[in-house]
Amino acid sequence: MGSPTDGSTTAFIEADLKTALSLAWADGGDPSVIMMSAVNKKAFSGFTGVATRFNDVKGATSANIIGSADVYVSDFGVHKAVLNRYMRTRTVLCLDPDFISFGFLRAIKYEERAKTGDATRGELLAEGCLIVGNPDAHSKIQDCT
């Protein structure tokens, strides 16, 4: 099995997001987190399902100018948009945090290292992995820009 191959890119559109959310929901998930790169976040902010925010401005107080979206409301719930600088620009993930956890393969252990002068040095050793309880509770939109 080789590594995944990128396909032709298409625009990140709201219909693709709704399809991804419905697929995850139909398989038992509640994808409350939508994780994306800055490129896709710009497109996402223009979607119609983005929750509207209002700020009251009274008297001489300064107003907040909101130019981005952090919450998306769909037929499948309320979803938090999370900007991730380490994600690929052509991928959007719809995640259900209830089905993601961290498991230790080797418990955290402190080991003392060589003493240098008055300083005592040590390190924490551990091994762990990401545990995905139900892979179908999540969805991915790929090859979008």
# chains A, B, ... in the order shown; residues from 1 in each chain; ligands from 1
$ select_by_dssp --residues "chain A" --states "strand (DSSP E)" --output "ChimeraX atom specification"
/A:33-36,71-74,77-83,91-95,100-112,122-132,139-142
$ residues_around --residues "Asp27 of chain A" --least-positions-apart "4" --cutoff "7 Å" --atoms "only C-alpha atoms" --output "PyMOL selection string"
chain A and resi 23+136-137
$ write_last_selection --atoms "C-alpha atoms" --output "mmCIF file, in the first residue's frame"
data_model
loop_
_atom_site.group_PDB
_atom_site.id
_atom_site.type_symbol
_atom_site.label_atom_id
_atom_site.label_comp_id
_atom_site.auth_asym_id
_atom_site.auth_seq_id
_atom_site.Cartn_x
_atom_site.Cartn_y
_atom_site.Cartn_z
ATOM 1 C CA LEU A 23 -21.787 11.328 6.773
ATOM 2 C CA ASP A 136 -16.551 6.760 11.072
ATOM 3 C CA ALA A 137 -17.518 9.416 13.656
#
$ residues_around --residues "Thr19 of chain A" --least-positions-apart "6" --cutoff "12 Å" --atoms "only C-alpha atoms" --output "PyMOL selection string"
chain A and resi 13+25-26+74-76+94+138-141
$ write_last_selection --atoms "N, CA, C and O atoms" --output "mmCIF file, in the first residue's frame"
data_model
loop_
_atom_site.group_PDB
_atom_site.id
_atom_site.type_symbol
_atom_site.label_atom_id
_atom_site.label_comp_id
_atom_site.auth_asym_id
_atom_site.auth_seq_id
_atom_site.Cartn_x
_atom_site.Cartn_y
_atom_site.Cartn_z
ATOM 1 N N ILE A 13 -16.412 24.406 -0.638
ATOM 2 C CA ILE A 13 -17.756 24.964 -0.660
ATOM 3 C C ILE A 13 -18.590 24.393 0.477
ATOM 4 O O ILE A 13 -18.293 23.321 1.013
ATOM 5 N N TRP A 25 -22.305 12.133 11.056
ATOM 6 C CA TRP A 25 -23.467 12.012 11.931
ATOM 7 C C TRP A 25 -24.199 10.692 11.689
ATOM 8 O O TRP A 25 -24.603 10.024 12.629
ATOM 9 N N ALA A 26 -24.352 10.305 10.423
ATOM 10 C CA ALA A 26 -25.055 9.065 10.083
ATOM 11 C C ALA A 26 -24.336 7.834 10.623
ATOM 12 O O ALA A 26 -24.960 6.805 10.885
ATOM 13 N N SER A 74 -25.334 23.805 11.648
ATOM 14 C CA SER A 74 -25.855 23.002 10.543
ATOM 15 C C SER A 74 -27.039 22.181 11.038
ATOM 16 O O SER A 74 -27.412 22.240 12.211
ATOM 17 N N ASP A 75 -27.603 21.383 10.155
ATOM 18 C CA ASP A 75 -28.679 20.469 10.542
ATOM 19 C C ASP A 75 -28.187 19.412 11.528
ATOM 20 O O ASP A 75 -28.988 18.723 12.152
ATOM 21 N N PHE A 76 -26.877 19.280 11.662
ATOM 22 C CA PHE A 76 -26.281 18.222 12.483
ATOM 23 C C PHE A 76 -25.631 18.763 13.751
ATOM 24 O O PHE A 76 -24.845 18.079 14.387
ATOM 25 N N CYS A 94 -13.511 17.162 10.046
ATOM 26 C CA CYS A 94 -14.680 17.295 10.918
ATOM 27 C C CYS A 94 -14.528 16.227 11.995
ATOM 28 O O CYS A 94 -14.612 15.033 11.697
ATOM 29 N N HIS A 138 -15.890 10.653 12.347
ATOM 30 C CA HIS A 138 -15.191 11.812 11.823
ATOM 31 C C HIS A 138 -15.326 11.801 10.300
ATOM 32 O O HIS A 138 -15.632 10.780 9.701
ATOM 33 N N SER A 139 -15.038 12.934 9.678
ATOM 34 C CA SER A 139 -15.031 12.977 8.222
ATOM 35 C C SER A 139 -13.961 13.948 7.753
ATOM 36 O O SER A 139 -13.456 14.771 8.531
ATOM 37 N N LYS A 140 -13.640 13.840 6.467
ATOM 38 C CA LYS A 140 -12.564 14.650 5.907
ATOM 39 C C LYS A 140 -12.984 15.144 4.523
ATOM 40 O O LYS A 140 -13.541 14.392 3.721
ATOM 41 N N ILE A 141 -12.703 16.405 4.282
ATOM 42 C CA ILE A 141 -12.874 16.972 2.955
ATOM 43 C C ILE A 141 -11.461 17.172 2.432
ATOM 44 O O ILE A 141 -10.658 17.855 3.065
#
$ closest_atom_pairs --of "segment 98-133 of chain A" --to "segment 30-35 of chain A" --cutoff "12 Å" --atoms "only C-alpha atoms" --output "CSV"
residue,atom,partner,partner_atom,distance
A:Asp98,CA,A:Asp30,CA,8.3
A:Phe99,CA,A:Asp30,CA,9.3
A:Ile100,CA,A:Pro31,CA,11.1
$ residues_around --residues "Thr91 of chain A" --least-positions-apart "4" --cutoff "12 Å" --atoms "only C-alpha atoms" --output "MDAnalysis selection string"
chainID A and resid 6:7 9:12 16:17 34:41 83:87 139:145
$ write_last_selection --atoms "N, CA and C atoms" --output "PDB file, in the first residue's frame"
ATOM      1  N   ASP A   6      -2.527  12.952  -4.107  1.00  0.00           N
ATOM      2  CA  ASP A   6      -3.407  14.098  -4.202  1.00  0.00           C
ATOM      3  C   ASP A   6      -4.137  14.102  -5.532  1.00  0.00           C
ATOM      4  N   GLY A   7      -5.384  14.522  -5.519  1.00  0.00           N
ATOM      5  CA  GLY A   7      -6.166  14.657  -6.738  1.00  0.00           C
ATOM      6  C   GLY A   7      -6.206  16.117  -7.157  1.00  0.00           C
ATOM      7  N   THR A   9      -7.500  19.788  -7.241  1.00  0.00           N
ATOM      8  CA  THR A   9      -8.128  20.586  -6.190  1.00  0.00           C
ATOM      9  C   THR A   9      -9.402  21.238  -6.703  1.00  0.00           C
ATOM     10  N   THR A  10     -10.349  21.406  -5.783  1.00  0.00           N
ATOM     11  CA  THR A  10     -11.593  22.106  -6.063  1.00  0.00           C
ATOM     12  C   THR A  10     -11.802  23.139  -4.964  1.00  0.00           C
ATOM     13  N   ALA A  11     -12.707  24.053  -5.187  1.00  0.00           N
ATOM     14  CA  ALA A  11     -12.992  25.078  -4.184  1.00  0.00           C
ATOM     15  C   ALA A  11     -13.662  24.444  -2.968  1.00  0.00           C
ATOM     16  N   PHE A  12     -13.342  24.957  -1.785  1.00  0.00           N
ATOM     17  CA  PHE A  12     -13.987  24.521  -0.543  1.00  0.00           C
ATOM     18  C   PHE A  12     -15.344  25.196  -0.481  1.00  0.00           C
ATOM     19  N   ASP A  16     -20.016  20.721   0.329  1.00  0.00           N
ATOM     20  CA  ASP A  16     -19.087  19.651   0.706  1.00  0.00           C
ATOM     21  C   ASP A  16     -19.001  19.505   2.223  1.00  0.00           C
ATOM     22  N   LEU A  17     -19.012  20.628   2.929  1.00  0.00           N
ATOM     23  CA  LEU A  17     -18.963  20.591   4.391  1.00  0.00           C
ATOM     24  C   LEU A  17     -20.229  19.930   4.945  1.00  0.00           C
ATOM     25  N   ILE A  34     -14.502  21.579  13.538  1.00  0.00           N
ATOM     26  CA  ILE A  34     -14.097  21.618  12.130  1.00  0.00           C
ATOM     27  C   ILE A  34     -12.719  22.256  12.102  1.00  0.00           C
ATOM     28  N   MET A  35     -11.712  21.468  11.750  1.00  0.00           N
ATOM     29  CA  MET A  35     -10.332  21.934  11.772  1.00  0.00           C
ATOM     30  C   MET A  35      -9.853  22.191  10.350  1.00  0.00           C
ATOM     31  N   MET A  36      -9.215  23.365  10.145  1.00  0.00           N
ATOM     32  CA  MET A  36      -8.807  23.746   8.800  1.00  0.00           C
ATOM     33  C   MET A  36      -7.623  24.697   8.821  1.00  0.00           C
ATOM     34  N   SER A  37      -7.015  24.850   7.649  1.00  0.00           N
ATOM     35  CA  SER A  37      -5.892  25.777   7.480  1.00  0.00           C
ATOM     36  C   SER A  37      -6.431  27.187   7.250  1.00  0.00           C
ATOM     37  N   ALA A  38      -5.533  28.154   7.213  1.00  0.00           N
ATOM     38  CA  ALA A  38      -5.926  29.551   7.001  1.00  0.00           C
ATOM     39  C   ALA A  38      -6.580  29.748   5.637  1.00  0.00           C
ATOM     40  N   VAL A  39      -6.105  29.043   4.633  1.00  0.00           N
ATOM     41  CA  VAL A  39      -6.676  29.165   3.289  1.00  0.00           C
ATOM     42  C   VAL A  39      -8.148  28.782   3.301  1.00  0.00           C
ATOM     43  N   ASN A  40      -8.478  27.648   3.910  1.00  0.00           N
ATOM     44  CA  ASN A  40      -9.865  27.195   3.951  1.00  0.00           C
ATOM     45  C   ASN A  40     -10.705  27.989   4.947  1.00  0.00           C
ATOM     46  N   LYS A  41     -10.084  28.550   5.973  1.00  0.00           N
ATOM     47  CA  LYS A  41     -10.813  29.354   6.959  1.00  0.00           C
ATOM     48  C   LYS A  41     -11.382  30.604   6.315  1.00  0.00           C
ATOM     49  N   LEU A  83      -8.759  26.966  13.664  1.00  0.00           N
ATOM     50  CA  LEU A  83      -7.674  27.254  12.735  1.00  0.00           C
ATOM     51  C   LEU A  83      -6.442  26.465  13.161  1.00  0.00           C
ATOM     52  N   ASN A  84      -5.835  25.737  12.226  1.00  0.00           N
ATOM     53  CA  ASN A  84      -4.672  24.905  12.542  1.00  0.00           C
ATOM     54  C   ASN A  84      -3.561  25.196  11.548  1.00  0.00           C
ATOM     55  N   ARG A  85      -2.463  25.791  12.024  1.00  0.00           N
ATOM     56  CA  ARG A  85      -1.370  26.172  11.133  1.00  0.00           C
ATOM     57  C   ARG A  85      -0.552  24.983  10.644  1.00  0.00           C
ATOM     58  N   TYR A  86      -0.739  23.817  11.232  1.00  0.00           N
ATOM     59  CA  TYR A  86       0.040  22.643  10.836  1.00  0.00           C
ATOM     60  C   TYR A  86      -0.698  21.725   9.862  1.00  0.00           C
ATOM     61  N   MET A  87      -1.926  22.059   9.538  1.00  0.00           N
ATOM     62  CA  MET A  87      -2.699  21.230   8.612  1.00  0.00           C
ATOM     63  C   MET A  87      -2.319  21.528   7.170  1.00  0.00           C
ATOM     64  N   SER A 139     -15.038  12.934   9.678  1.00  0.00           N
ATOM     65  CA  SER A 139     -15.031  12.977   8.222  1.00  0.00           C
ATOM     66  C   SER A 139     -13.961  13.948   7.753  1.00  0.00           C
ATOM     67  N   LYS A 140     -13.640  13.840   6.467  1.00  0.00           N
ATOM     68  CA  LYS A 140     -12.564  14.650   5.907  1.00  0.00           C
ATOM     69  C   LYS A 140     -12.984  15.144   4.523  1.00  0.00           C
ATOM     70  N   ILE A 141     -12.703  16.405   4.282  1.00  0.00           N
ATOM     71  CA  ILE A 141     -12.874  16.972   2.955  1.00  0.00           C
ATOM     72  C   ILE A 141     -11.461  17.172   2.432  1.00  0.00           C
ATOM     73  N   GLN A 142     -11.147  16.560   1.323  1.00  0.00           N
ATOM     74  CA  GLN A 142      -9.775  16.660   0.822  1.00  0.00           C
ATOM     75  C   GLN A 142      -9.736  17.262  -0.569  1.00  0.00           C
ATOM     76  N   ASP A 143      -8.558  17.695  -0.949  1.00  0.00           N
ATOM     77  CA  ASP A 143      -8.292  18.316  -2.247  1.00  0.00           C
ATOM     78  C   ASP A 143      -9.122  19.575  -2.444  1.00  0.00           C
ATOM     79  N   CYS A 144      -9.300  20.369  -1.358  1.00  0.00           N
ATOM     80  CA  CYS A 144     -10.032  21.621  -1.489  1.00  0.00           C
ATOM     81  C   CYS A 144      -9.073  22.780  -1.245  1.00  0.00           C
ATOM     82  N   THR A 145      -9.369  23.898  -1.834  1.00  0.00           N
ATOM     83  CA  THR A 145      -8.560  25.096  -1.632  1.00  0.00           C
ATOM     84  C   THR A 145      -9.451  26.303  -1.440  1.00  0.00           C
TER      85      THR A 145
END
$ atom_distance --atom1 "atom CA of Phe44 of chain A" --atom2 "atom CA of Gly29 of chain A"
21.4 Å
$ select_by_dssp --residues "chain A" --states "alpha helix (DSSP H)" --output "PyMOL selection string"
chain A and resi 14-26+38-44
$ write_last_selection --atoms "C-alpha atoms" --output "PDB file, in the first residue's frame"
ATOM      1  CA  GLU A  14     -20.484  24.735   1.947  1.00  0.00           C
ATOM      2  CA  ALA A  15     -22.216  21.803   0.218  1.00  0.00           C
ATOM      3  CA  ASP A  16     -19.087  19.651   0.706  1.00  0.00           C
ATOM      4  CA  LEU A  17     -18.963  20.591   4.391  1.00  0.00           C
ATOM      5  CA  LYS A  18     -22.640  19.699   4.875  1.00  0.00           C
ATOM      6  CA  THR A  19     -22.087  16.340   3.170  1.00  0.00           C
ATOM      7  CA  ALA A  20     -19.077  15.560   5.373  1.00  0.00           C
ATOM      8  CA  LEU A  21     -20.978  16.488   8.542  1.00  0.00           C
ATOM      9  CA  SER A  22     -23.981  14.365   7.529  1.00  0.00           C
ATOM     10  CA  LEU A  23     -21.787  11.328   6.773  1.00  0.00           C
ATOM     11  CA  ALA A  24     -20.121  11.499  10.188  1.00  0.00           C
ATOM     12  CA  TRP A  25     -23.467  12.012  11.931  1.00  0.00           C
ATOM     13  CA  ALA A  26     -25.055   9.065  10.083  1.00  0.00           C
ATOM     14  CA  ALA A  38      -5.926  29.551   7.001  1.00  0.00           C
ATOM     15  CA  VAL A  39      -6.676  29.165   3.289  1.00  0.00           C
ATOM     16  CA  ASN A  40      -9.865  27.195   3.951  1.00  0.00           C
ATOM     17  CA  LYS A  41     -10.813  29.354   6.959  1.00  0.00           C
ATOM     18  CA  LYS A  42     -11.148  32.362   4.649  1.00  0.00           C
ATOM     19  CA  ALA A  43     -13.657  30.495   2.469  1.00  0.00           C
ATOM     20  CA  PHE A  44     -15.425  29.077   5.552  1.00  0.00           C
TER      21      PHE A  44
END
$ atom_distance --atom1 "atom CA of Ser45 of chain A" --atom2 "atom CA of Leu130 of chain A"
29.7 Å
$ decode --residues "segment 67-108 of chain A" --atoms "C-alpha atoms" --output "compact mmCIF listing (two decimals), in the first residue's frame"
# COMPACT_ATOMS: atom_id res chain seq x y z
CA GLY A 67 -14.34 39.62 10.42
CA SER A 68 -14.18 35.89 10.92
CA ALA A 69 -16.38 32.96 11.87
CA ASP A 70 -15.79 30.63 14.81
CA VAL A 71 -19.13 28.84 15.00
CA TYR A 72 -21.06 27.02 12.29
CA VAL A 73 -24.65 25.84 12.76
CA SER A 74 -25.86 23.00 10.54
CA ASP A 75 -28.68 20.47 10.54
CA PHE A 76 -26.28 18.22 12.48
CA GLY A 77 -25.48 20.56 15.36
CA VAL A 78 -23.23 23.41 16.36
CA HIS A 79 -19.63 23.15 15.22
CA LYS A 80 -16.57 25.08 16.35
CA ALA A 81 -14.19 26.21 13.60
CA VAL A 82 -10.56 25.72 14.63
CA LEU A 83 -7.67 27.25 12.74
CA ASN A 84 -4.67 24.91 12.54
CA ARG A 85 -1.37 26.17 11.13
CA TYR A 86 0.04 22.64 10.84
CA MET A 87 -2.70 21.23 8.61
CA ARG A 88 -2.41 20.74 4.89
CA THR A 89 -4.06 23.57 3.00
CA ARG A 90 -6.07 21.09 0.92
CA THR A 91 -7.72 19.23 3.84
CA VAL A 92 -10.58 20.03 6.24
CA LEU A 93 -11.33 17.69 9.16
CA CYS A 94 -14.68 17.29 10.92
CA LEU A 95 -13.91 15.73 14.30
CA ASP A 96 -15.90 14.31 17.19
CA PRO A 97 -13.75 14.80 20.34
CA ASP A 98 -15.73 12.10 22.19
CA PHE A 99 -14.12 9.48 19.96
CA ILE A 100 -10.54 10.74 20.24
CA SER A 101 -8.29 10.11 23.22
CA PHE A 102 -4.64 9.65 24.16
CA GLY A 103 -3.40 6.33 25.45
CA PHE A 104 -0.13 5.55 27.20
CA LEU A 105 1.89 2.62 25.95
CA ARG A 106 4.44 3.28 28.68
CA ALA A 107 3.49 5.35 31.72
CA ILE A 108 5.25 8.63 32.48
